[in-house]
2 protein chains.
Amino acid sequence: MSDAKTFLEAPLAPVVILVRPQLGENIGTAARAMRNGRLTELRLVAPKFGWPNPDAIKPAKGGAVLLENVKVYETTAEAIADLNLVFATTARTRDMIKTVHTPKKAIEIIHEKSQKGHKTGILFGPERTGLKNEDICRINDIITVPLNPDYTSLNLAQSVLLIAYEWYTKAYAQEVPASQLMARDEHELCTKKELDGLYGHLEGELDKSGFLRHPQLRPTMIKNIRNIFARIPMTSQEVRTLRGIISALAGKS
Amino acid sequence: MSDAKTFLEAPLAPVVILVRPQLGENIGTAARAMRNGRLTELRLVAPKFGWPNPDAIKPAKGGAVLLENVKVYETTAEAIADLNLVFATTARTRDMIKTVHTPKKAIEIIHEKSQKGHKTGILFGPERTGLKNEDICRINDIITVPLNPDYTSLNLAQSVLLIAYEWYTKAYAQEVPASQLMARDEHELCTKKELDGLYGHLEGELDKSGFLRHPQLRPTMIKNIRNIFARIPMTSQEVRTLRGIISALAGKS
């Protein structure tokens, strides 16, 4: 398989275990989300429509390579038997005593344990019904995504994506700079309308001056000029200052 | 509208602007993801199939309430005219000089600016083609999700979800503990005295049974046994359950 290298590069990633998944499409979109975050090993417990399921392939898109290595089990107990640490994603349940982590914290724990050679996994329940108590009482801790309490419903692929996103961030993107931002007085940031006024003013004067006289270069030049100013978090006063400068340069002040 | 309260509660959230969205279904699933993270204001620029679009309603599920207040614009410029700070999500590096943020950092900036009274927004491009340069040169900075470079493709709703997740985490869930023991009542956690009672009970029965008969091994065995239980954050009821188990095994129940 051409993509084997990717699998070899991710030996520490948690195994994703879909428990009694229903539609093949959802297995596919879950695999796609896994690929986004470089999670590589997918296991299924008693998939409703069996396995392999051709319905999974097209929705998996770039994750289709993961489907070739899927392992299928009859029970959750068998699917997690070789793992040392297993978490389960679920909304908070009231009738069990478990430690609950945010996705970020859960991934920190999993990452640390996997670095030490432990094999880890994360359970995801069926689309509508969620995990049963008999699944949850087999695992260590629970992962609950902090979401709007008025509407916490996520589909399967979205739950997998949030975990995959946190995994990729922790395992591969720790060194990605959050950003580079200029310090500036931010009390009077200009509106986009004021910026449009500046652009229109400047481009009008540049047209008159002949600066933009080559039609084939004009769009690129305008793009580049606008991007200079778009990069600067300017105040309304600074926009007025720049317009004054333009007028002055054009001999109209 | 019954849900008006939710909207009033989120005045600082960034506006979500979908630029030239294609399928109504994707507008719906984006609205659903917004609701997950308590983003409330949705704007559309030149939706391919017009607006309102009945195809959006069913996929929106719990986000359908947001569709009632959607505003539609002909151009990106008009859609962002009243905003002070606008970011755009894109995975593509273009020949433009822009500051790039992770979603987490971008949301930190947006949250800080919105606290100071600035109106903020985030652009999302069309499903297949992404944002055009003429859209991107109007906005301040770029948001790029750190993902597997072998496969960075996200659908529209997934991009919105990751932003909504970071927004909710920043704006509402800062106080959510990274890890928390989920019990019926946290105050029922057992006391150390109850744990000592458990240890004494267990060790007394193990002495009688002969399990601790080697005096030179006894202290280490007791230490190891106590450490198994010390690792478990137990409730008082669970301690009583374990003592019942000990009595039963010792033939005294």
# chains A, B, ... in the order shown; residues from 1 in each chain; ligands from 1
>>> closest_atom_pairs(of="chain B", to="chain A", cutoff="7 Å", atoms="only C-alpha atoms", output="Markdown table")
| residue | atom | partner | partner_atom | distance |
| --- | --- | --- | --- | --- |
| B:Arg35 | CA | A:Tyr151 | CA | 6.5 |
| B:Asn36 | CA | A:Asn148 | CA | 5.2 |
| B:Gly37 | CA | A:Asn148 | CA | 5.4 |
| B:Arg38 | CA | A:Asn148 | CA | 5.7 |
| B:Gly62 | CA | A:Tyr151 | CA | 6.5 |
| B:Ile80 | CA | A:Lys192 | CA | 6.7 |
| B:Ala81 | CA | A:Lys192 | CA | 5.0 |
| B:Asp82 | CA | A:Thr191 | CA | 6.1 |
| B:Leu83 | CA | A:Thr191 | CA | 5.9 |
| B:Asn84 | CA | A:Thr191 | CA | 4.9 |
| B:Lys98 | CA | A:Arg231 | CA | 6.1 |
| B:Thr99 | CA | A:Gln180 | CA | 6.4 |
| B:Val100 | CA | A:Ser179 | CA | 5.8 |
| B:His101 | CA | A:Ser179 | CA | 4.6 |
| B:Thr102 | CA | A:Ala178 | CA | 5.3 |
| B:Lys105 | CA | A:Ala178 | CA | 5.5 |
| B:Cys137 | CA | A:Asn227 | CA | 5.4 |
| B:Arg138 | CA | A:Ala230 | CA | 6.3 |
| B:Ile139 | CA | A:Ala230 | CA | 6.4 |
| B:Asn140 | CA | A:Ala230 | CA | 5.7 |
| B:Pro146 | CA | A:Ala173 | CA | 6.5 |
| B:Leu147 | CA | A:Gly37 | CA | 5.6 |
| B:Asn148 | CA | A:Asn36 | CA | 5.2 |
| B:Tyr151 | CA | A:Asn36 | CA | 5.6 |
| B:Thr152 | CA | A:Asn36 | CA | 5.6 |
| B:Gln158 | CA | A:Gln158 | CA | 6.9 |
| B:Tyr165 | CA | A:Leu147 | CA | 6.9 |
| B:Tyr168 | CA | A:Leu147 | CA | 6.3 |
| B:Thr169 | CA | A:Pro146 | CA | 6.6 |
| B:Ala173 | CA | A:Pro146 | CA | 6.5 |
| B:Ala178 | CA | A:Thr102 | CA | 5.3 |
| B:Ser179 | CA | A:His101 | CA | 4.3 |
| B:Gln180 | CA | A:Val100 | CA | 5.2 |
| B:Leu181 | CA | A:Thr99 | CA | 4.1 |
| B:Met182 | CA | A:Lys98 | CA | 5.2 |
| B:Ala183 | CA | A:Ile97 | CA | 4.6 |
| B:Arg184 | CA | A:Arg94 | CA | 6.0 |
>>> write_last_selection(atoms="N, CA and C atoms", output="mmCIF file, in the first residue's frame")
data_model
loop_
_atom_site.group_PDB
_atom_site.id
_atom_site.type_symbol
_atom_site.label_atom_id
_atom_site.label_comp_id
_atom_site.auth_asym_id
_atom_site.auth_seq_id
_atom_site.Cartn_x
_atom_site.Cartn_y
_atom_site.Cartn_z
ATOM 1 N N ARG B 35 -24.227 26.145 16.699
ATOM 2 C CA ARG B 35 -25.033 26.005 17.922
ATOM 3 C C ARG B 35 -24.265 25.218 18.990
ATOM 4 N N ASN B 36 -23.506 24.207 18.552
ATOM 5 C CA ASN B 36 -22.696 23.424 19.496
ATOM 6 C C ASN B 36 -21.777 24.313 20.324
ATOM 7 N N GLY B 37 -21.257 25.366 19.657
ATOM 8 C CA GLY B 37 -20.276 26.204 20.336
ATOM 9 C C GLY B 37 -20.822 27.567 20.728
ATOM 10 N N ARG B 38 -22.145 27.745 20.607
ATOM 11 C CA ARG B 38 -22.795 28.993 20.979
ATOM 12 C C ARG B 38 -22.315 30.183 20.145
ATOM 13 N N GLY B 62 -30.469 20.967 15.717
ATOM 14 C CA GLY B 62 -30.557 21.958 16.784
ATOM 15 C C GLY B 62 -30.079 23.348 16.405
ATOM 16 N N ILE B 80 -18.959 42.139 5.565
ATOM 17 C CA ILE B 80 -18.049 42.412 6.677
ATOM 18 C C ILE B 80 -17.910 43.907 6.967
ATOM 19 N N ALA B 81 -18.729 44.727 6.293
ATOM 20 C CA ALA B 81 -18.533 46.184 6.348
ATOM 21 C C ALA B 81 -18.570 46.742 7.769
ATOM 22 N N ASP B 82 -19.401 46.168 8.625
ATOM 23 C CA ASP B 82 -19.557 46.720 9.978
ATOM 24 C C ASP B 82 -18.615 46.086 10.993
ATOM 25 N N LEU B 83 -17.771 45.189 10.531
ATOM 26 C CA LEU B 83 -16.905 44.458 11.478
ATOM 27 C C LEU B 83 -15.548 45.144 11.610
ATOM 28 N N ASN B 84 -14.953 44.999 12.792
ATOM 29 C CA ASN B 84 -13.648 45.599 13.052
ATOM 30 C C ASN B 84 -12.495 44.636 12.826
ATOM 31 N N LYS B 98 0.324 37.322 5.104
ATOM 32 C CA LYS B 98 -0.695 37.464 6.131
ATOM 33 C C LYS B 98 -0.192 36.810 7.409
ATOM 34 N N THR B 99 -0.690 37.257 8.511
ATOM 35 C CA THR B 99 -0.427 36.547 9.752
ATOM 36 C C THR B 99 -1.345 35.334 9.829
ATOM 37 N N VAL B 100 -0.800 34.206 10.214
ATOM 38 C CA VAL B 100 -1.573 32.965 10.305
ATOM 39 C C VAL B 100 -1.655 32.547 11.770
ATOM 40 N N HIS B 101 -2.864 32.221 12.210
ATOM 41 C CA HIS B 101 -3.072 31.777 13.582
ATOM 42 C C HIS B 101 -3.586 30.348 13.608
ATOM 43 N N THR B 102 -3.292 29.633 14.691
ATOM 44 C CA THR B 102 -4.035 28.411 14.971
ATOM 45 C C THR B 102 -5.456 28.818 15.384
ATOM 46 N N LYS B 105 -5.445 30.202 18.974
ATOM 47 C CA LYS B 105 -4.900 31.549 19.111
ATOM 48 C C LYS B 105 -5.846 32.573 18.492
ATOM 49 N N CYS B 137 -7.839 39.267 0.716
ATOM 50 C CA CYS B 137 -7.113 40.524 0.894
ATOM 51 C C CYS B 137 -7.964 41.562 1.629
ATOM 52 N N ARG B 138 -9.242 41.252 1.867
ATOM 53 C CA ARG B 138 -10.064 42.170 2.654
ATOM 54 C C ARG B 138 -9.982 41.919 4.155
ATOM 55 N N ILE B 139 -9.482 40.765 4.542
ATOM 56 C CA ILE B 139 -9.548 40.424 5.962
ATOM 57 C C ILE B 139 -8.189 40.616 6.622
ATOM 58 N N ASN B 140 -8.181 40.515 7.942
ATOM 59 C CA ASN B 140 -6.957 40.787 8.676
ATOM 60 C C ASN B 140 -5.974 39.622 8.591
ATOM 61 N N PRO B 146 -4.057 23.192 12.361
ATOM 62 C CA PRO B 146 -2.931 22.264 12.222
ATOM 63 C C PRO B 146 -3.455 20.841 12.054
ATOM 64 N N LEU B 147 -3.260 20.274 10.891
ATOM 65 C CA LEU B 147 -3.749 18.921 10.588
ATOM 66 C C LEU B 147 -2.682 18.172 9.818
ATOM 67 N N ASN B 148 -2.867 16.860 9.767
ATOM 68 C CA ASN B 148 -1.994 15.968 9.008
ATOM 69 C C ASN B 148 -1.714 16.555 7.620
ATOM 70 N N TYR B 151 -3.221 15.060 4.651
ATOM 71 C CA TYR B 151 -4.665 15.138 4.373
ATOM 72 C C TYR B 151 -5.309 16.194 5.268
ATOM 73 N N THR B 152 -5.360 17.407 4.764
ATOM 74 C CA THR B 152 -5.866 18.523 5.568
ATOM 75 C C THR B 152 -7.323 18.852 5.252
ATOM 76 N N GLN B 158 -17.236 20.902 9.488
ATOM 77 C CA GLN B 158 -16.134 20.526 10.375
ATOM 78 C C GLN B 158 -15.239 21.725 10.685
ATOM 79 N N TYR B 165 -15.893 25.000 18.697
ATOM 80 C CA TYR B 165 -15.351 24.283 19.860
ATOM 81 C C TYR B 165 -14.348 25.159 20.593
ATOM 82 N N TYR B 168 -16.270 28.050 22.326
ATOM 83 C CA TYR B 168 -16.976 27.655 23.547
ATOM 84 C C TYR B 168 -15.988 27.412 24.689
ATOM 85 N N THR B 169 -14.878 26.749 24.351
ATOM 86 C CA THR B 169 -13.857 26.485 25.372
ATOM 87 C C THR B 169 -13.340 27.789 25.962
ATOM 88 N N ALA B 173 -16.025 27.768 28.833
ATOM 89 C CA ALA B 173 -15.594 26.565 29.549
ATOM 90 C C ALA B 173 -14.214 26.721 30.168
ATOM 91 N N ALA B 178 -10.065 20.423 33.763
ATOM 92 C CA ALA B 178 -9.539 19.516 32.736
ATOM 93 C C ALA B 178 -9.916 18.076 33.064
ATOM 94 N N SER B 179 -9.924 17.771 34.357
ATOM 95 C CA SER B 179 -10.331 16.442 34.804
ATOM 96 C C SER B 179 -11.173 16.609 36.058
ATOM 97 N N GLN B 180 -12.165 15.748 36.197
ATOM 98 C CA GLN B 180 -13.076 15.887 37.326
ATOM 99 C C GLN B 180 -13.691 14.521 37.605
ATOM 100 N N LEU B 181 -13.767 14.193 38.879
ATOM 101 C CA LEU B 181 -14.444 12.944 39.208
ATOM 102 C C LEU B 181 -15.944 13.166 39.134
ATOM 103 N N MET B 182 -16.598 12.337 38.331
ATOM 104 C CA MET B 182 -18.034 12.472 38.144
ATOM 105 C C MET B 182 -18.729 11.485 39.068
ATOM 106 N N ALA B 183 -19.251 11.978 40.169
ATOM 107 C CA ALA B 183 -19.983 11.121 41.090
ATOM 108 C C ALA B 183 -21.384 11.674 41.218
ATOM 109 N N ARG B 184 -22.274 10.886 41.764
ATOM 110 C CA ARG B 184 -23.637 11.395 41.974
ATOM 111 C C ARG B 184 -23.561 12.653 42.806
#
>>> select_by_dssp(residues="segment 3-247 of chain A", states="helix (DSSP H, G or I)", output="ChimeraX atom specification")
/A:4-8,24-36,54-67,76-79,103-115,133-136,156-171,192-209,218-230,236-247
>>> atom_distance(atom1="atom CA of Leu217 of chain B", atom2="atom CA of Leu242 of chain B")
24.2 Å
>>> closest_residue(among="B:Lys116, B:Pro126, B:Ala79, B:Leu249", to="Gly24 of chain B", atoms="only C-alpha atoms")
B:Pro126
>>> atom_distance(atom1="atom CA of Glu205 of chain A", atom2="atom CA of Ile136 of chain B")
23.6 Å
>>> closest_residue(among="B:Ile245, B:Ile57, B:Val65, B:Val15", to="Arg43 of chain B", atoms="only C-alpha atoms")
B:Val15
>>> select_by_dssp(residues="segment 38-78 of chain A", states="strand (DSSP E or B)", output="list in words")
Leu42, Arg43, Leu44, Val45, Lys71, Val72 and Tyr73 of chain A
>>> write_last_selection(atoms="N, CA and C atoms", output="PDB file, in the first residue's frame")
ATOM      1  N   LEU A  42      -8.134   1.700  13.275  1.00  0.00           N
ATOM      2  CA  LEU A  42      -9.581   1.723  13.484  1.00  0.00           C
ATOM      3  C   LEU A  42     -10.088   0.302  13.760  1.00  0.00           C
ATOM      4  N   ARG A  43     -10.848   0.152  14.850  1.00  0.00           N
ATOM      5  CA  ARG A  43     -11.469  -1.131  15.183  1.00  0.00           C
ATOM      6  C   ARG A  43     -12.979  -0.939  15.274  1.00  0.00           C
ATOM      7  N   LEU A  44     -13.707  -1.962  14.892  1.00  0.00           N
ATOM      8  CA  LEU A  44     -15.172  -1.927  14.954  1.00  0.00           C
ATOM      9  C   LEU A  44     -15.668  -3.049  15.857  1.00  0.00           C
ATOM     10  N   VAL A  45     -16.622  -2.725  16.693  1.00  0.00           N
ATOM     11  CA  VAL A  45     -17.305  -3.736  17.495  1.00  0.00           C
ATOM     12  C   VAL A  45     -18.703  -3.938  16.922  1.00  0.00           C
ATOM     13  N   LYS A  71     -10.017  -3.710  11.948  1.00  0.00           N
ATOM     14  CA  LYS A  71     -10.235  -5.000  12.605  1.00  0.00           C
ATOM     15  C   LYS A  71     -11.624  -5.005  13.220  1.00  0.00           C
ATOM     16  N   VAL A  72     -12.280  -6.160  13.152  1.00  0.00           N
ATOM     17  CA  VAL A  72     -13.652  -6.262  13.628  1.00  0.00           C
ATOM     18  C   VAL A  72     -13.727  -7.252  14.793  1.00  0.00           C
ATOM     19  N   TYR A  73     -14.493  -6.903  15.810  1.00  0.00           N
ATOM     20  CA  TYR A  73     -14.650  -7.736  17.008  1.00  0.00           C
ATOM     21  C   TYR A  73     -16.127  -7.910  17.321  1.00  0.00           C
TER      22      TYR A  73
END
>>> atom_distance(atom1="atom CA of Gly28 of chain B", atom2="atom CA of Pro59 of chain B")
5.1 Å
>>> decode(residues="segment 107-197 of chain B", atoms="C-alpha atoms", output="compact mmCIF listing (two decimals), in the first residue's frame")
# COMPACT_ATOMS: atom_id res chain seq x y z
CA ILE B 107 -10.16 32.65 19.12
CA GLU B 108 -8.08 34.10 21.93
CA ILE B 109 -7.55 37.24 19.86
CA ILE B 110 -11.21 37.42 18.84
CA HIS B 111 -12.33 36.91 22.40
CA GLU B 112 -10.03 39.62 23.68
CA LYS B 113 -11.06 42.08 20.98
CA SER B 114 -14.75 41.37 21.43
CA GLN B 115 -14.39 42.01 25.14
CA LYS B 116 -13.13 45.48 24.20
CA GLY B 117 -16.20 46.14 22.07
CA HIS B 118 -14.90 45.25 18.64
CA LYS B 119 -17.18 43.38 16.30
CA THR B 120 -15.50 40.29 14.91
CA GLY B 121 -16.14 37.75 12.19
CA ILE B 122 -14.72 34.68 10.53
CA LEU B 123 -14.95 33.88 6.81
CA PHE B 124 -15.36 30.36 5.51
CA GLY B 125 -14.96 29.71 1.80
CA PRO B 126 -17.06 27.64 -0.60
CA GLU B 127 -16.94 23.88 -0.26
CA ARG B 128 -14.63 23.00 -3.12
CA THR B 129 -12.86 26.09 -4.29
CA GLY B 130 -12.12 27.93 -1.07
CA LEU B 131 -11.84 31.67 -0.67
CA LYS B 132 -10.62 33.86 -3.50
CA ASN B 133 -7.72 36.25 -3.16
CA GLU B 134 -10.14 39.17 -3.41
CA ASP B 135 -11.90 37.85 -0.29
CA ILE B 136 -8.70 37.16 1.60
CA CYS B 137 -7.11 40.52 0.89
CA ARG B 138 -10.06 42.17 2.65
CA ILE B 139 -9.55 40.42 5.96
CA ASN B 140 -6.96 40.79 8.68
CA ASP B 141 -5.40 37.43 9.34
CA ILE B 142 -5.72 33.79 8.40
CA ILE B 143 -6.71 30.81 10.53
CA THR B 144 -5.17 27.49 9.57
CA VAL B 145 -6.03 24.32 11.46
CA PRO B 146 -2.93 22.26 12.22
CA LEU B 147 -3.75 18.92 10.59
CA ASN B 148 -1.99 15.97 9.01
CA PRO B 149 -0.20 17.53 6.03
CA ASP B 150 -0.95 14.35 4.08
CA TYR B 151 -4.67 15.14 4.37
CA THR B 152 -5.87 18.52 5.57
CA SER B 153 -9.26 18.50 3.84
CA LEU B 154 -12.19 19.39 6.11
CA ASN B 155 -15.78 19.91 5.09
CA LEU B 156 -17.48 23.21 5.83
CA ALA B 157 -19.31 22.07 8.97
CA GLN B 158 -16.13 20.53 10.37
CA SER B 159 -14.21 23.76 9.91
CA VAL B 160 -17.00 25.65 11.64
CA LEU B 161 -17.12 23.04 14.42
CA LEU B 162 -13.44 23.38 15.27
CA ILE B 163 -13.83 27.15 15.53
CA ALA B 164 -17.04 26.78 17.54
CA TYR B 165 -15.35 24.28 19.86
CA GLU B 166 -12.47 26.67 20.53
CA TRP B 167 -14.91 29.55 21.02
CA TYR B 168 -16.98 27.65 23.55
CA THR B 169 -13.86 26.48 25.37
CA LYS B 170 -12.51 30.03 25.55
CA ALA B 171 -15.72 31.93 26.23
CA TYR B 172 -17.64 29.54 28.45
CA ALA B 173 -15.59 26.57 29.55
CA GLN B 174 -12.46 28.18 30.94
CA GLU B 175 -13.62 27.14 34.37
CA VAL B 176 -14.41 23.55 33.33
CA PRO B 177 -11.81 21.43 35.10
CA ALA B 178 -9.54 19.52 32.74
CA SER B 179 -10.33 16.44 34.80
CA GLN B 180 -13.08 15.89 37.33
CA LEU B 181 -14.44 12.94 39.21
CA MET B 182 -18.03 12.47 38.14
CA ALA B 183 -19.98 11.12 41.09
CA ARG B 184 -23.64 11.40 41.97
CA ASP B 185 -22.50 13.75 44.66
CA GLU B 186 -18.89 14.78 44.90
CA HIS B 187 -19.28 15.19 48.65
CA GLU B 188 -19.80 11.48 49.07
CA LEU B 189 -16.10 10.78 48.46
CA CYS B 190 -14.91 8.60 51.31
CA THR B 191 -12.76 9.90 54.14
CA LYS B 192 -9.31 8.60 54.95
CA LYS B 193 -10.75 7.15 58.15
CA GLU B 194 -13.18 5.07 56.11
CA LEU B 195 -10.25 3.93 53.95
CA ASP B 196 -8.30 2.99 57.09
CA GLY B 197 -11.31 0.98 58.20
